[in-house]
$ cat my_file_31.cif   # mmCIF, C-alpha atoms
data_structure
loop_
_atom_site.group_PDB
_atom_site.id
_atom_site.type_symbol
_atom_site.label_atom_id
_atom_site.label_comp_id
_atom_site.auth_asym_id
_atom_site.auth_seq_id
_atom_site.Cartn_x
_atom_site.Cartn_y
_atom_site.Cartn_z
ATOM 1 C CA MET A 19 0.000 0.000 0.000
ATOM 2 C CA ARG A 20 1.248 3.448 -0.840
ATOM 3 C CA LYS A 21 2.266 5.563 2.115
ATOM 4 C CA ILE A 22 0.544 8.877 2.718
ATOM 5 C CA SER A 23 3.215 11.503 2.269
ATOM 6 C CA VAL A 24 2.940 15.236 1.928
ATOM 7 C CA PHE A 25 6.535 15.693 0.818
ATOM 8 C CA PRO A 26 8.153 14.139 -2.262
ATOM 9 C CA GLU A 27 10.616 11.300 -1.801
ATOM 10 C CA THR A 28 14.123 11.607 -3.145
ATOM 11 C CA VAL A 29 14.783 8.737 -5.534
ATOM 12 C CA LEU A 30 18.379 9.472 -6.474
ATOM 13 C CA SER A 31 20.705 12.404 -5.977
ATOM 14 C CA ILE A 32 23.518 13.589 -8.232
ATOM 15 C CA GLY A 33 25.730 15.826 -6.111
ATOM 16 C CA PRO A 34 23.585 18.631 -4.686
ATOM 17 C CA VAL A 35 20.710 17.925 -7.122
ATOM 18 C CA HIS A 36 18.022 15.687 -5.633
ATOM 19 C CA ILE A 37 15.767 13.998 -8.133
ATOM 20 C CA THR A 38 12.409 13.264 -6.502
ATOM 21 C CA ASN A 39 9.636 11.009 -7.736
ATOM 22 C CA THR A 40 7.694 14.134 -8.691
ATOM 23 C CA VAL A 41 10.364 15.097 -11.197
ATOM 24 C CA ILE A 42 10.466 11.629 -12.691
ATOM 25 C CA THR A 43 6.689 11.565 -13.128
ATOM 26 C CA THR A 44 6.798 15.010 -14.721
ATOM 27 C CA TRP A 45 9.406 13.768 -17.197
ATOM 28 C CA PHE A 46 7.159 10.807 -17.966
ATOM 29 C CA VAL A 47 4.176 13.117 -18.558
ATOM 30 C CA MET A 48 6.291 15.354 -20.796
ATOM 31 C CA ALA A 49 7.470 12.335 -22.776
ATOM 32 C CA VAL A 50 3.869 11.185 -23.290
ATOM 33 C CA ILE A 51 2.762 14.642 -24.474
ATOM 34 C CA ILE A 52 5.748 15.006 -26.816
ATOM 35 C CA THR A 53 5.141 11.540 -28.287
ATOM 36 C CA VAL A 54 1.456 12.288 -28.888
ATOM 37 C CA CYS A 55 2.336 15.609 -30.519
ATOM 38 C CA TYR A 56 5.004 13.942 -32.682
ATOM 39 C CA PHE A 57 2.576 11.366 -34.028
ATOM 40 C CA ALA A 58 -0.085 14.035 -34.496
ATOM 41 C CA LYS A 59 2.271 16.236 -36.485
ATOM 42 C CA ARG A 60 3.551 13.438 -38.713
ATOM 43 C CA ASP A 61 0.466 12.807 -40.813
ATOM 44 C CA LEU A 62 -1.560 15.979 -40.947
ATOM 45 C CA SER A 63 -4.044 16.157 -43.793
ATOM 46 C CA LEU A 64 -7.006 18.180 -44.927
ATOM 47 C CA ARG A 65 -9.061 15.003 -44.631
ATOM 48 C CA PRO A 66 -8.444 14.391 -40.936
ATOM 49 C CA SER A 67 -8.301 10.993 -39.322
ATOM 50 C CA VAL A 68 -10.214 10.393 -36.075
ATOM 51 C CA PHE A 69 -7.072 11.111 -34.034
ATOM 52 C CA GLN A 70 -6.560 14.452 -35.747
ATOM 53 C CA GLU A 71 -10.248 15.300 -35.314
ATOM 54 C CA VAL A 72 -10.020 14.783 -31.556
ATOM 55 C CA LEU A 73 -6.889 16.916 -31.254
ATOM 56 C CA GLU A 74 -8.419 19.685 -33.361
ATOM 57 C CA ALA A 75 -11.557 19.644 -31.207
ATOM 58 C CA ILE A 76 -9.438 20.080 -28.042
ATOM 59 C CA PHE A 77 -7.470 22.849 -29.688
ATOM 60 C CA GLU A 78 -10.558 24.711 -30.880
ATOM 61 C CA ALA A 79 -12.143 24.433 -27.435
ATOM 62 C CA ILE A 80 -9.046 26.047 -25.909
ATOM 63 C CA GLU A 81 -9.049 28.820 -28.490
ATOM 64 C CA LYS A 82 -12.767 29.506 -28.093
ATOM 65 C CA THR A 83 -12.542 29.707 -24.287
ATOM 66 C CA ILE A 84 -9.708 32.220 -24.539
ATOM 67 C CA LYS A 85 -11.471 34.234 -27.233
ATOM 68 C CA ASP A 86 -14.574 34.580 -25.047
ATOM 69 C CA VAL A 87 -12.681 36.149 -22.148
ATOM 70 C CA LEU A 88 -9.753 38.067 -23.639
ATOM 71 C CA PRO A 89 -10.446 41.523 -25.125
ATOM 72 C CA VAL A 90 -7.474 41.355 -27.545
ATOM 73 C CA ASP A 91 -6.231 38.872 -30.129
ATOM 74 C CA PRO A 92 -6.405 35.404 -28.484
ATOM 75 C CA TRP A 93 -3.261 34.218 -30.294
ATOM 76 C CA LEU A 94 -1.196 36.307 -27.899
ATOM 77 C CA VAL A 95 -2.038 33.859 -25.122
ATOM 78 C CA VAL A 96 -3.099 30.597 -26.808
ATOM 79 C CA PRO A 97 0.363 28.958 -27.096
ATOM 80 C CA VAL A 98 1.446 29.496 -23.485
ATOM 81 C CA LEU A 99 -1.898 28.990 -21.821
ATOM 82 C CA GLY A 100 -2.760 25.983 -23.975
ATOM 83 C CA THR A 101 0.526 24.346 -23.006
ATOM 84 C CA LEU A 102 -0.089 25.064 -19.337
ATOM 85 C CA TRP A 103 -3.611 23.643 -19.596
ATOM 86 C CA ILE A 104 -2.558 20.427 -21.302
ATOM 87 C CA LEU A 105 0.435 19.888 -19.000
ATOM 88 C CA ILE A 106 -1.628 20.380 -15.835
ATOM 89 C CA GLY A 107 -4.414 18.171 -17.185
ATOM 90 C CA PHE A 108 -2.038 15.324 -17.963
ATOM 91 C CA SER A 109 -0.188 15.778 -14.647
ATOM 92 C CA ASN A 110 -3.420 15.603 -12.661
ATOM 93 C CA LEU A 111 -4.334 12.315 -14.314
ATOM 94 C CA ALA A 112 -0.844 10.778 -14.093
ATOM 95 C CA GLY A 113 -1.401 9.576 -10.526
ATOM 96 C CA LEU A 114 -4.033 7.112 -11.720
ATOM 97 C CA ILE A 115 -1.333 4.961 -13.315
ATOM 98 C CA PRO A 116 -0.019 2.547 -10.665
ATOM 99 C CA GLY A 117 3.510 3.331 -9.532
ATOM 100 C CA LEU A 118 3.377 7.005 -10.408
ATOM 101 C CA THR A 119 2.646 9.817 -7.984
ATOM 102 C CA THR A 120 0.626 12.830 -9.049
ATOM 103 C CA PRO A 121 3.158 15.599 -9.786
ATOM 104 C CA THR A 122 0.639 18.277 -8.859
ATOM 105 C CA ALA A 123 0.189 16.755 -5.383
ATOM 106 C CA ASP A 124 3.555 18.352 -4.598
ATOM 107 C CA LEU A 125 3.626 21.974 -3.496
ATOM 108 C CA ASN A 126 6.850 22.642 -5.462
ATOM 109 C CA THR A 127 5.202 21.810 -8.794
ATOM 110 C CA THR A 128 2.072 23.844 -8.189
ATOM 111 C CA PHE A 129 4.102 26.831 -6.999
ATOM 112 C CA ALA A 130 6.149 26.648 -10.193
ATOM 113 C CA PHE A 131 2.920 26.699 -12.216
ATOM 114 C CA ALA A 132 1.607 29.610 -10.143
ATOM 115 C CA VAL A 133 4.818 31.587 -10.677
ATOM 116 C CA ILE A 134 4.493 31.003 -14.430
ATOM 117 C CA SER A 135 0.922 32.294 -14.279
ATOM 118 C CA TYR A 136 2.039 35.303 -12.191
ATOM 119 C CA SER A 137 4.765 36.219 -14.681
ATOM 120 C CA MET A 138 2.369 35.784 -17.611
ATOM 121 C CA THR A 139 0.040 38.388 -16.106
ATOM 122 C CA HIS A 140 2.798 41.013 -15.987
ATOM 123 C CA VAL A 141 4.458 40.098 -19.292
ATOM 124 C CA PHE A 142 1.244 40.259 -21.291
ATOM 125 C CA GLY A 143 0.131 43.414 -19.466
ATOM 126 C CA ILE A 144 3.397 45.174 -20.327
ATOM 127 C CA ALA A 145 3.476 43.778 -23.866
ATOM 128 C CA THR A 146 0.047 45.153 -24.721
ATOM 129 C CA GLN A 147 0.166 48.608 -23.144
ATOM 130 C CA GLY A 148 3.760 49.449 -22.259
ATOM 131 C CA ILE A 149 5.342 49.669 -18.812
ATOM 132 C CA LYS A 150 3.831 53.047 -17.965
ATOM 133 C CA GLY A 151 0.336 52.129 -19.050
ATOM 134 C CA TYR A 152 0.527 48.836 -17.199
ATOM 135 C CA LEU A 153 1.826 50.305 -13.948
ATOM 136 C CA SER A 154 -0.829 53.009 -14.012
ATOM 137 C CA HIS A 155 -3.539 50.460 -13.221
ATOM 138 C CA TYR A 156 -2.025 50.101 -9.753
ATOM 139 C CA LYS A 157 -3.012 53.664 -8.874
ATOM 140 C CA GLU A 158 -6.666 53.197 -9.702
ATOM 141 C CA PRO A 159 -8.952 54.459 -8.311
ATOM 142 C CA THR A 160 -6.561 56.244 -5.882
ATOM 143 C CA TRP A 161 -2.980 55.890 -4.678
ATOM 144 C CA MET A 162 -4.349 54.827 -1.290
ATOM 145 C CA LEU A 163 -5.205 51.391 -2.635
ATOM 146 C CA LEU A 164 -1.690 50.526 -3.830
ATOM 147 C CA PRO A 165 -0.892 48.224 -0.847
ATOM 148 C CA PHE A 166 -4.103 46.300 -1.393
ATOM 149 C CA HIS A 167 -3.239 45.767 -5.058
ATOM 150 C CA LEU A 168 0.147 44.379 -4.029
ATOM 151 C CA ILE A 169 -1.381 42.121 -1.362
ATOM 152 C CA ALA A 170 -3.910 40.852 -3.897
ATOM 153 C CA GLU A 171 -1.095 39.999 -6.329
ATOM 154 C CA ALA A 172 0.654 37.868 -3.723
ATOM 155 C CA THR A 173 -2.377 36.159 -2.214
ATOM 156 C CA ARG A 174 -3.960 35.160 -5.495
ATOM 157 C CA THR A 175 -0.727 33.535 -6.636
ATOM 158 C CA VAL A 176 -0.425 31.582 -3.384
ATOM 159 C CA ALA A 177 -4.114 30.681 -3.569
ATOM 160 C CA LEU A 178 -3.661 29.378 -7.120
ATOM 161 C CA ALA A 179 -0.842 27.077 -6.010
ATOM 162 C CA VAL A 180 -2.455 25.878 -2.798
ATOM 163 C CA ARG A 181 -5.818 25.187 -4.474
ATOM 164 C CA LEU A 182 -4.369 22.818 -7.055
ATOM 165 C CA PHE A 183 -2.098 21.168 -4.470
ATOM 166 C CA GLY A 184 -4.871 20.664 -1.929
ATOM 167 C CA ASN A 185 -7.350 19.247 -4.415
ATOM 168 C CA MET A 186 -4.913 16.742 -5.870
ATOM 169 C CA LEU A 187 -3.476 15.687 -2.519
ATOM 170 C CA SER A 188 -6.925 15.260 -0.948
ATOM 171 C CA GLY A 189 -8.013 13.009 -3.812
ATOM 172 C CA GLU A 190 -4.986 10.781 -3.311
ATOM 173 C CA MET A 191 -5.328 10.703 0.470
ATOM 174 C CA ILE A 192 -9.014 9.764 0.326
ATOM 175 C CA ALA A 193 -8.183 6.826 -1.958
ATOM 176 C CA VAL A 194 -5.377 5.606 0.319
ATOM 177 C CA ILE A 195 -7.429 5.970 3.520
ATOM 178 C CA LEU A 196 -10.420 4.149 2.008
ATOM 179 C CA LEU A 197 -8.123 1.390 0.795
ATOM 180 C CA GLY A 198 -6.992 0.943 4.383
ATOM 181 C CA ILE A 199 -10.593 0.772 5.642
ATOM 182 C CA ALA A 200 -12.594 -1.091 3.035
ATOM 183 C CA GLY A 201 -10.472 -2.939 0.505
ATOM 184 C CA LEU A 202 -11.339 -3.746 -3.068
ATOM 185 C CA LEU A 203 -14.298 -1.982 -4.699
ATOM 186 C CA VAL A 204 -15.028 0.958 -2.397
ATOM 187 C CA PRO A 205 -12.252 3.364 -3.581
ATOM 188 C CA ILE A 206 -13.311 3.107 -7.247
ATOM 189 C CA PRO A 207 -16.115 5.731 -7.210
ATOM 190 C CA PHE A 208 -13.772 8.100 -5.424
ATOM 191 C CA SER A 209 -11.128 7.515 -8.084
ATOM 192 C CA LEU A 210 -13.732 8.352 -10.735
ATOM 193 C CA LEU A 211 -14.517 11.535 -8.828
ATOM 194 C CA HIS A 212 -10.776 12.215 -8.716
ATOM 195 C CA ILE A 213 -10.602 12.093 -12.532
ATOM 196 C CA VAL A 214 -13.398 14.659 -12.806
ATOM 197 C CA ILE A 215 -11.817 16.871 -10.143
ATOM 198 C CA GLY A 216 -8.418 16.693 -11.862
ATOM 199 C CA LEU A 217 -9.840 17.858 -15.186
ATOM 200 C CA ILE A 218 -11.949 20.581 -13.548
ATOM 201 C CA GLN A 219 -8.983 21.874 -11.543
ATOM 202 C CA ALA A 220 -6.806 22.039 -14.659
ATOM 203 C CA TYR A 221 -9.599 23.991 -16.387
ATOM 204 C CA ILE A 222 -9.974 26.306 -13.400
ATOM 205 C CA PHE A 223 -6.243 26.976 -13.138
ATOM 206 C CA GLY A 224 -6.188 28.047 -16.779
ATOM 207 C CA VAL A 225 -9.386 30.100 -16.567
ATOM 208 C CA LEU A 226 -8.212 31.970 -13.472
ATOM 209 C CA THR A 227 -4.874 32.737 -15.145
ATOM 210 C CA LEU A 228 -6.841 33.935 -18.153
ATOM 211 C CA VAL A 229 -9.046 36.168 -16.009
ATOM 212 C CA PHE A 230 -5.974 37.655 -14.291
ATOM 213 C CA ILE A 231 -4.327 38.311 -17.675
ATOM 214 C CA ALA A 232 -7.509 39.912 -18.987
ATOM 215 C CA GLY A 233 -7.666 42.054 -15.840
ATOM 216 C CA GLY A 234 -4.081 43.200 -16.439
ATOM 217 C CA ILE A 235 -4.658 44.032 -20.091
ATOM 218 C CA ARG A 236 -7.680 46.387 -19.869
ATOM 219 C CA THR A 237 -8.134 47.665 -23.392
ATOM 220 C CA LYS A 238 -8.640 51.390 -23.638
ATOM 221 C CA PRO A 239 -12.188 52.380 -24.614
ATOM 222 C CA MET B 21 1.847 13.997 30.858
ATOM 223 C CA ASP B 22 4.994 15.349 29.329
ATOM 224 C CA SER B 23 4.772 18.312 27.013
ATOM 225 C CA LEU B 24 5.240 16.286 23.806
ATOM 226 C CA THR B 25 2.114 14.232 24.563
ATOM 227 C CA ILE B 26 0.110 17.388 25.234
ATOM 228 C CA ILE B 27 1.222 19.014 21.977
ATOM 229 C CA ILE B 28 0.484 15.911 19.901
ATOM 230 C CA SER B 29 -2.973 15.331 21.363
ATOM 231 C CA VAL B 30 -3.922 18.994 21.067
ATOM 232 C CA SER B 31 -2.675 18.951 17.470
ATOM 233 C CA ILE B 32 -4.929 16.018 16.576
ATOM 234 C CA ILE B 33 -7.979 17.733 18.087
ATOM 235 C CA ALA B 34 -7.079 21.003 16.385
ATOM 236 C CA ALA B 35 -6.694 19.307 12.987
ATOM 237 C CA GLY B 36 -10.090 17.651 13.335
ATOM 238 C CA LEU B 37 -11.732 20.925 14.356
ATOM 239 C CA ALA B 38 -10.005 22.803 11.528
ATOM 240 C CA ILE B 39 -11.362 20.547 8.826
ATOM 241 C CA ALA B 40 -14.808 20.250 10.478
ATOM 242 C CA ILE B 41 -15.406 23.975 10.919
ATOM 243 C CA GLY B 42 -13.540 24.852 7.749
ATOM 244 C CA GLY B 43 -15.632 22.442 5.729
ATOM 245 C CA TYR B 44 -18.983 23.562 7.106
ATOM 246 C CA GLY B 45 -19.108 27.069 5.646
ATOM 247 C CA PRO B 46 -17.873 26.233 2.145
ATOM 248 C CA ALA B 47 -20.251 23.254 1.953
ATOM 249 C CA ARG B 48 -23.262 25.447 2.708
ATOM 250 C CA SER B 49 -22.200 28.171 0.316
ATOM 251 C CA LEU B 50 -21.436 25.659 -2.453
ATOM 252 C CA GLY B 51 -24.943 24.271 -2.120
ATOM 253 C CA GLU B 52 -26.403 27.749 -2.233
ATOM 254 C CA ALA B 53 -24.369 28.724 -5.305
ATOM 255 C CA LEU B 54 -25.347 25.544 -7.135
ATOM 256 C CA SER B 55 -29.059 25.929 -6.355
ATOM 257 C CA LYS B 56 -29.008 29.551 -7.539
ATOM 258 C CA ALA B 57 -27.227 28.529 -10.735
ATOM 259 C CA LEU B 58 -29.784 25.791 -11.417
ATOM 260 C CA GLU B 59 -32.574 28.330 -10.899
ATOM 261 C CA ALA B 60 -30.918 30.657 -13.387
ATOM 262 C CA ILE B 61 -30.500 27.870 -15.941
ATOM 263 C CA ALA B 62 -34.135 26.797 -15.519
ATOM 264 C CA ARG B 63 -35.214 30.363 -16.178
ATOM 265 C CA GLN B 64 -32.862 30.950 -19.111
ATOM 266 C CA PRO B 65 -31.716 27.661 -20.657
ATOM 267 C CA GLU B 66 -30.087 29.413 -23.639
ATOM 268 C CA ALA B 67 -27.509 31.084 -21.372
ATOM 269 C CA SER B 68 -26.534 27.812 -19.679
ATOM 270 C CA ALA B 69 -23.011 27.616 -21.174
ATOM 271 C CA GLN B 70 -22.001 30.986 -19.799
ATOM 272 C CA ILE B 71 -23.683 30.366 -16.443
ATOM 273 C CA MET B 72 -21.939 27.006 -16.053
ATOM 274 C CA ARG B 73 -18.528 28.527 -16.758
ATOM 275 C CA THR B 74 -19.045 31.275 -14.201
ATOM 276 C CA VAL B 75 -20.368 28.785 -11.666
ATOM 277 C CA PHE B 76 -17.377 26.477 -12.102
ATOM 278 C CA VAL B 77 -14.930 29.300 -11.490
ATOM 279 C CA GLY B 78 -16.950 30.652 -8.580
ATOM 280 C CA MET B 79 -17.306 27.236 -6.976
ATOM 281 C CA ALA B 80 -13.558 26.699 -7.298
ATOM 282 C CA LEU B 81 -12.968 29.964 -5.479
ATOM 283 C CA ILE B 82 -15.391 29.008 -2.697
ATOM 284 C CA GLU B 83 -13.964 25.525 -2.470
ATOM 285 C CA SER B 84 -10.458 26.867 -2.062
ATOM 286 C CA ILE B 85 -11.419 28.029 1.446
ATOM 287 C CA ALA B 86 -12.128 24.431 2.413
ATOM 288 C CA ILE B 87 -8.825 23.495 0.780
ATOM 289 C CA TYR B 88 -6.977 26.038 2.933
ATOM 290 C CA ALA B 89 -8.476 24.435 6.031
ATOM 291 C CA PHE B 90 -7.390 21.039 4.714
ATOM 292 C CA VAL B 91 -3.844 22.238 4.086
ATOM 293 C CA ILE B 92 -3.639 23.713 7.571
ATOM 294 C CA ALA B 93 -4.859 20.414 9.015
ATOM 295 C CA LEU B 94 -2.141 18.638 7.012
ATOM 296 C CA ILE B 95 0.526 21.031 8.295
ATOM 297 C CA ILE B 96 -0.625 20.401 11.852
ATOM 298 C CA LEU B 97 -0.548 16.627 11.379
ATOM 299 C CA PHE B 98 2.498 16.029 9.167
ATOM 300 C CA ALA B 99 4.745 19.084 9.481
ATOM 301 C CA ASN B 100 3.954 20.430 12.930
ATOM 302 C CA PRO B 101 6.309 23.374 13.568
ATOM 303 C CA LEU B 102 5.723 23.347 17.346
ATOM 304 C CA ILE B 103 7.241 19.908 17.946
ATOM 305 C CA GLY B 104 10.609 21.413 17.003
ATOM 306 C CA TYR B 105 10.544 23.451 20.230
ATOM 307 C CA ILE B 106 10.263 20.316 22.365
ATOM 308 C CA VAL B 107 12.344 17.768 20.440
ATOM 309 C CA LYS B 108 15.733 19.332 19.925
#
$ encode --input "my_file_31.cif" --output "structure tokens"
Amino acid sequence: MRKISVFPETVLSIGPVHITNTVITTWFVMAVIITVCYFAKRDLSLRPSVFQEVLEAIFEAIEKTIKDVLPVDPWLVVPVLGTLWILIGFSNLAGLIPGLTTPTADLNTTFAFAVISYSMTHVFGIATQGIKGYLSHYKEPTWMLLPFHLIAEATRTVALAVRLFGNMLSGEMIAVILLGIAGLLVPIPFSLLHIVIGLIQAYIFGVLTLVFIAGGIRTKP
Amino acid sequence: MDSLTIIISVSIIAAGLAIAIGGYGPARSLGEALSKALEAIARQPEASAQIMRTVFVGMALIESIAIYAFVIALIILFANPLIGYIVK
């Protein structure tokens, strides 16, 4: 039975670099995504196969979601945010394969994702309206509210990381605890729920990042 | 009772209370949000896609409060900072 652990276990260490099981699972997930993309890219055609149809449907869903929220050209954000979405989605589901731990049930991974999302907000804000225009939204409506803007920046990034971490970890812990209590068939419905929660949390992570980016962009009327 | 026993037993009670009280509020508000959303969809079925998206994001934000309570309970149970004062 898998142990309940909040911290990742170090599998091997090369000098000062410790390679944990989280990192290995992330490499595995990346390899799976790259392989799928390689095979998808190899035989593209105007008469799509079923495989290509499915991938195009996913892609169009991502683009449409971004287009609905963002006030500017969605192709500014689609490559980065789509990658983040797909990577988090695959990572959340990776724990269902026996022997692998969920990479997003580790606070280090989710904080890395949250820092990426935090930087995206500023980079896209500055890219669309310049440094001066972007910084001026901190003094709205008055200068008095500047500290609250800064606090909000920090807390929403931490909240983004902790939300994903807590959801994924709780799903794993419930499965392990139920396995200790009831044995064979009882944990299965909870695992099914865990699949749904993993996909929803990946969606929510992306949508919140998108909403933050859209809040930083603010097109001029 | 030595002080380590006191800290450990208080920690267990505190973790249980944290998740119990911290789960109560979000559970009620999640139910309220969902029932309001269903009302809105029943009144305006054509706007259901937009309502569902907003509800998912809103429910995730509400749920994150319960998740904070859960994380604090985990810190108390697995990474208790107070035991370091006793066990040198």
$ closest_atom_pairs --input "my_file_31.cif" --of "chain B" --to "chain A" --cutoff "7 Å" --atoms "all atoms listed in the file" --output "tab-separated table"
residue	atom	partner	partner_atom	distance
B:Val77	CA	A:Ile222	CA	6.1
B:Ser84	CA	A:Arg181	CA	5.5
B:Ile87	CA	A:Gly184	CA	5.6
B:Val91	CA	A:Gly184	CA	6.3
$ atom_distance --input "my_file_31.cif" --atom1 "atom CA of Val107 of chain B" --atom2 "atom CA of Asn39 of chain A"
29.1 Å
$ residues_around --input "my_file_31.cif" --residues "segment 44-47 of chain B" --least-positions-apart "5" --cutoff "12 Å" --atoms "only C-alpha atoms" --output "tab-separated table (two decimals) with C-alpha atoms, keeping the file's coordinate frame"
chain	number	residue	atom	x	y	z
B	37	LEU	CA	-11.73	20.92	14.36
B	38	ALA	CA	-10.01	22.80	11.53
B	39	ILE	CA	-11.36	20.55	8.83
B	52	GLU	CA	-26.40	27.75	-2.23
B	53	ALA	CA	-24.37	28.72	-5.30
B	54	LEU	CA	-25.35	25.54	-7.14
B	78	GLY	CA	-16.95	30.65	-8.58
B	79	MET	CA	-17.31	27.24	-6.98
B	80	ALA	CA	-13.56	26.70	-7.30
B	81	LEU	CA	-12.97	29.96	-5.48
B	82	ILE	CA	-15.39	29.01	-2.70
B	83	GLU	CA	-13.96	25.52	-2.47
B	84	SER	CA	-10.46	26.87	-2.06
B	85	ILE	CA	-11.42	28.03	1.45
B	86	ALA	CA	-12.13	24.43	2.41
B	87	ILE	CA	-8.82	23.50	0.78
B	88	TYR	CA	-6.98	26.04	2.93
B	89	ALA	CA	-8.48	24.44	6.03
B	90	PHE	CA	-7.39	21.04	4.71
$ resolve_selection --input "my_file_31.cif" --expression "the PyMOL selection byres ((chain A and resi 128) around 9)" --output "JSON, numbers by chain"
{"A": [121, 122, 123, 124, 125, 126, 127, 129, 130, 131, 132, 133, 178, 179, 180, 181, 182, 183]}
$ resolve_selection --input "my_file_31.cif" --expression "the PyMOL selection byres ((chain B and resi 100) around 12)" --output "PDB file with C-alpha atoms, keeping the file's coordinate frame"
ATOM      1  CA  LEU B  24       5.240  16.286  23.806  1.00  0.00           C
ATOM      2  CA  ILE B  27       1.222  19.014  21.977  1.00  0.00           C
ATOM      3  CA  ILE B  28       0.484  15.911  19.901  1.00  0.00           C
ATOM      4  CA  VAL B  30      -3.922  18.994  21.067  1.00  0.00           C
ATOM      5  CA  SER B  31      -2.675  18.951  17.470  1.00  0.00           C
ATOM      6  CA  ILE B  32      -4.929  16.018  16.576  1.00  0.00           C
ATOM      7  CA  ALA B  34      -7.079  21.003  16.385  1.00  0.00           C
ATOM      8  CA  ALA B  35      -6.694  19.307  12.987  1.00  0.00           C
ATOM      9  CA  VAL B  91      -3.844  22.238   4.086  1.00  0.00           C
ATOM     10  CA  ILE B  92      -3.639  23.713   7.571  1.00  0.00           C
ATOM     11  CA  ALA B  93      -4.859  20.414   9.015  1.00  0.00           C
ATOM     12  CA  LEU B  94      -2.141  18.638   7.012  1.00  0.00           C
ATOM     13  CA  ILE B  95       0.526  21.031   8.295  1.00  0.00           C
ATOM     14  CA  ILE B  96      -0.625  20.401  11.852  1.00  0.00           C
ATOM     15  CA  LEU B  97      -0.548  16.627  11.379  1.00  0.00           C
ATOM     16  CA  PHE B  98       2.498  16.029   9.167  1.00  0.00           C
ATOM     17  CA  ALA B  99       4.745  19.084   9.481  1.00  0.00           C
ATOM     18  CA  PRO B 101       6.309  23.374  13.568  1.00  0.00           C
ATOM     19  CA  LEU B 102       5.723  23.347  17.346  1.00  0.00           C
ATOM     20  CA  ILE B 103       7.241  19.908  17.946  1.00  0.00           C
ATOM     21  CA  GLY B 104      10.609  21.413  17.003  1.00  0.00           C
ATOM     22  CA  TYR B 105      10.544  23.451  20.230  1.00  0.00           C
ATOM     23  CA  ILE B 106      10.263  20.316  22.365  1.00  0.00           C
ATOM     24  CA  VAL B 107      12.344  17.768  20.440  1.00  0.00           C
TER      25      VAL B 107
END
$ residues_around --input "my_file_31.cif" --residues "Thr120 of chain A" --least-positions-apart "3" --cutoff "10 Å" --atoms "only C-alpha atoms" --output "PyMOL selection string"
chain A and resi 39-40+43-44+108-115+117+123-124+183+186-187+190
$ atom_distance --input "my_file_31.cif" --atom1 "atom CA of Leu196 of chain A" --atom2 "atom CA of Ser29 of chain B"
23.6 Å
$ closest_residue --input "my_file_31.cif" --among "A:Leu94, A:Ile37, A:Ile84, A:Ile235" --to "Ile144 of chain A" --atoms "only C-alpha atoms"
A:Ile235
$ residues_near_point --input "my_file_31.cif" --point "(-1.7, 50.5, -17.4)" --cutoff "8 Å" --atoms "all atoms listed in the file" --output "JSON, numbers by chain"
{"A": [143, 144, 147, 148, 149, 150, 151, 152, 153, 154, 155, 156, 234, 235, 236]}
$ closest_residue --input "my_file_31.cif" --among "A:Gly189, A:Ser67, A:Gly100, A:Ala220" --to "Ile206 of chain A" --atoms "all atoms listed in the file"
A:Gly189
$ atom_distance --input "my_file_31.cif" --atom1 "atom CA of Thr119 of chain A" --atom2 "atom CA of Ile42 of chain A"
9.3 Å
$ residues_around --input "my_file_31.cif" --residues "Pro97 of chain A" --least-positions-apart "4" --cutoff "12 Å" --atoms "all atoms listed in the file" --output "ChimeraX atom specification"
/A:77,80-81,84,92-93,101-104,138
$ axis_aligned_box --input "my_file_31.cif" --around "segment 32-38 of chain B" --padding-each-side "6 Å" --output "lines of an AutoDock Vina configuration file"
center_x = -8.3
center_y = 19.4
center_z = 14.8
size_x = 18.8
size_y = 18.8
size_z = 18.6
$ closest_residue --input "my_file_31.cif" --among "B:Lys56, B:Arg63, B:Arg73, B:Arg48" --to "Val87 of chain A" --atoms "only C-alpha atoms"
B:Arg73
$ build_atoms --input "my_file_31.cif" --residues "segment 63-71 of chain B" --atoms "N, CA and C atoms" --output "PDB file, keeping the file's coordinate frame"
ATOM      1  N   ARG B  63     -34.507  29.191 -15.664  1.00  0.00           N
ATOM      2  CA  ARG B  63     -35.214  30.363 -16.178  1.00  0.00           C
ATOM      3  C   ARG B  63     -34.735  30.723 -17.568  1.00  0.00           C
ATOM      4  N   GLN B  64     -33.437  30.542 -17.820  1.00  0.00           N
ATOM      5  CA  GLN B  64     -32.862  30.950 -19.111  1.00  0.00           C
ATOM      6  C   GLN B  64     -31.967  29.846 -19.653  1.00  0.00           C
ATOM      7  N   PRO B  65     -32.542  28.799 -20.226  1.00  0.00           N
ATOM      8  CA  PRO B  65     -31.716  27.661 -20.657  1.00  0.00           C
ATOM      9  C   PRO B  65     -30.722  28.045 -21.750  1.00  0.00           C
ATOM     10  N   GLU B  66     -30.993  29.091 -22.527  1.00  0.00           N
ATOM     11  CA  GLU B  66     -30.087  29.413 -23.639  1.00  0.00           C
ATOM     12  C   GLU B  66     -28.769  30.000 -23.139  1.00  0.00           C
ATOM     13  N   ALA B  67     -28.751  30.508 -21.893  1.00  0.00           N
ATOM     14  CA  ALA B  67     -27.509  31.084 -21.372  1.00  0.00           C
ATOM     15  C   ALA B  67     -26.736  30.087 -20.517  1.00  0.00           C
ATOM     16  N   SER B  68     -27.085  28.775 -20.644  1.00  0.00           N
ATOM     17  CA  SER B  68     -26.534  27.812 -19.679  1.00  0.00           C
ATOM     18  C   SER B  68     -25.023  27.673 -19.800  1.00  0.00           C
ATOM     19  N   ALA B  69     -24.459  27.801 -21.019  1.00  0.00           N
ATOM     20  CA  ALA B  69     -23.011  27.616 -21.174  1.00  0.00           C
ATOM     21  C   ALA B  69     -22.252  28.671 -20.373  1.00  0.00           C
ATOM     22  N   GLN B  70     -22.693  29.917 -20.512  1.00  0.00           N
ATOM     23  CA  GLN B  70     -22.001  30.986 -19.799  1.00  0.00           C
ATOM     24  C   GLN B  70     -22.197  30.865 -18.294  1.00  0.00           C
ATOM     25  N   ILE B  71     -23.418  30.506 -17.877  1.00  0.00           N
ATOM     26  CA  ILE B  71     -23.683  30.366 -16.443  1.00  0.00           C
ATOM     27  C   ILE B  71     -22.825  29.257 -15.862  1.00  0.00           C
TER      28      ILE B  71
END
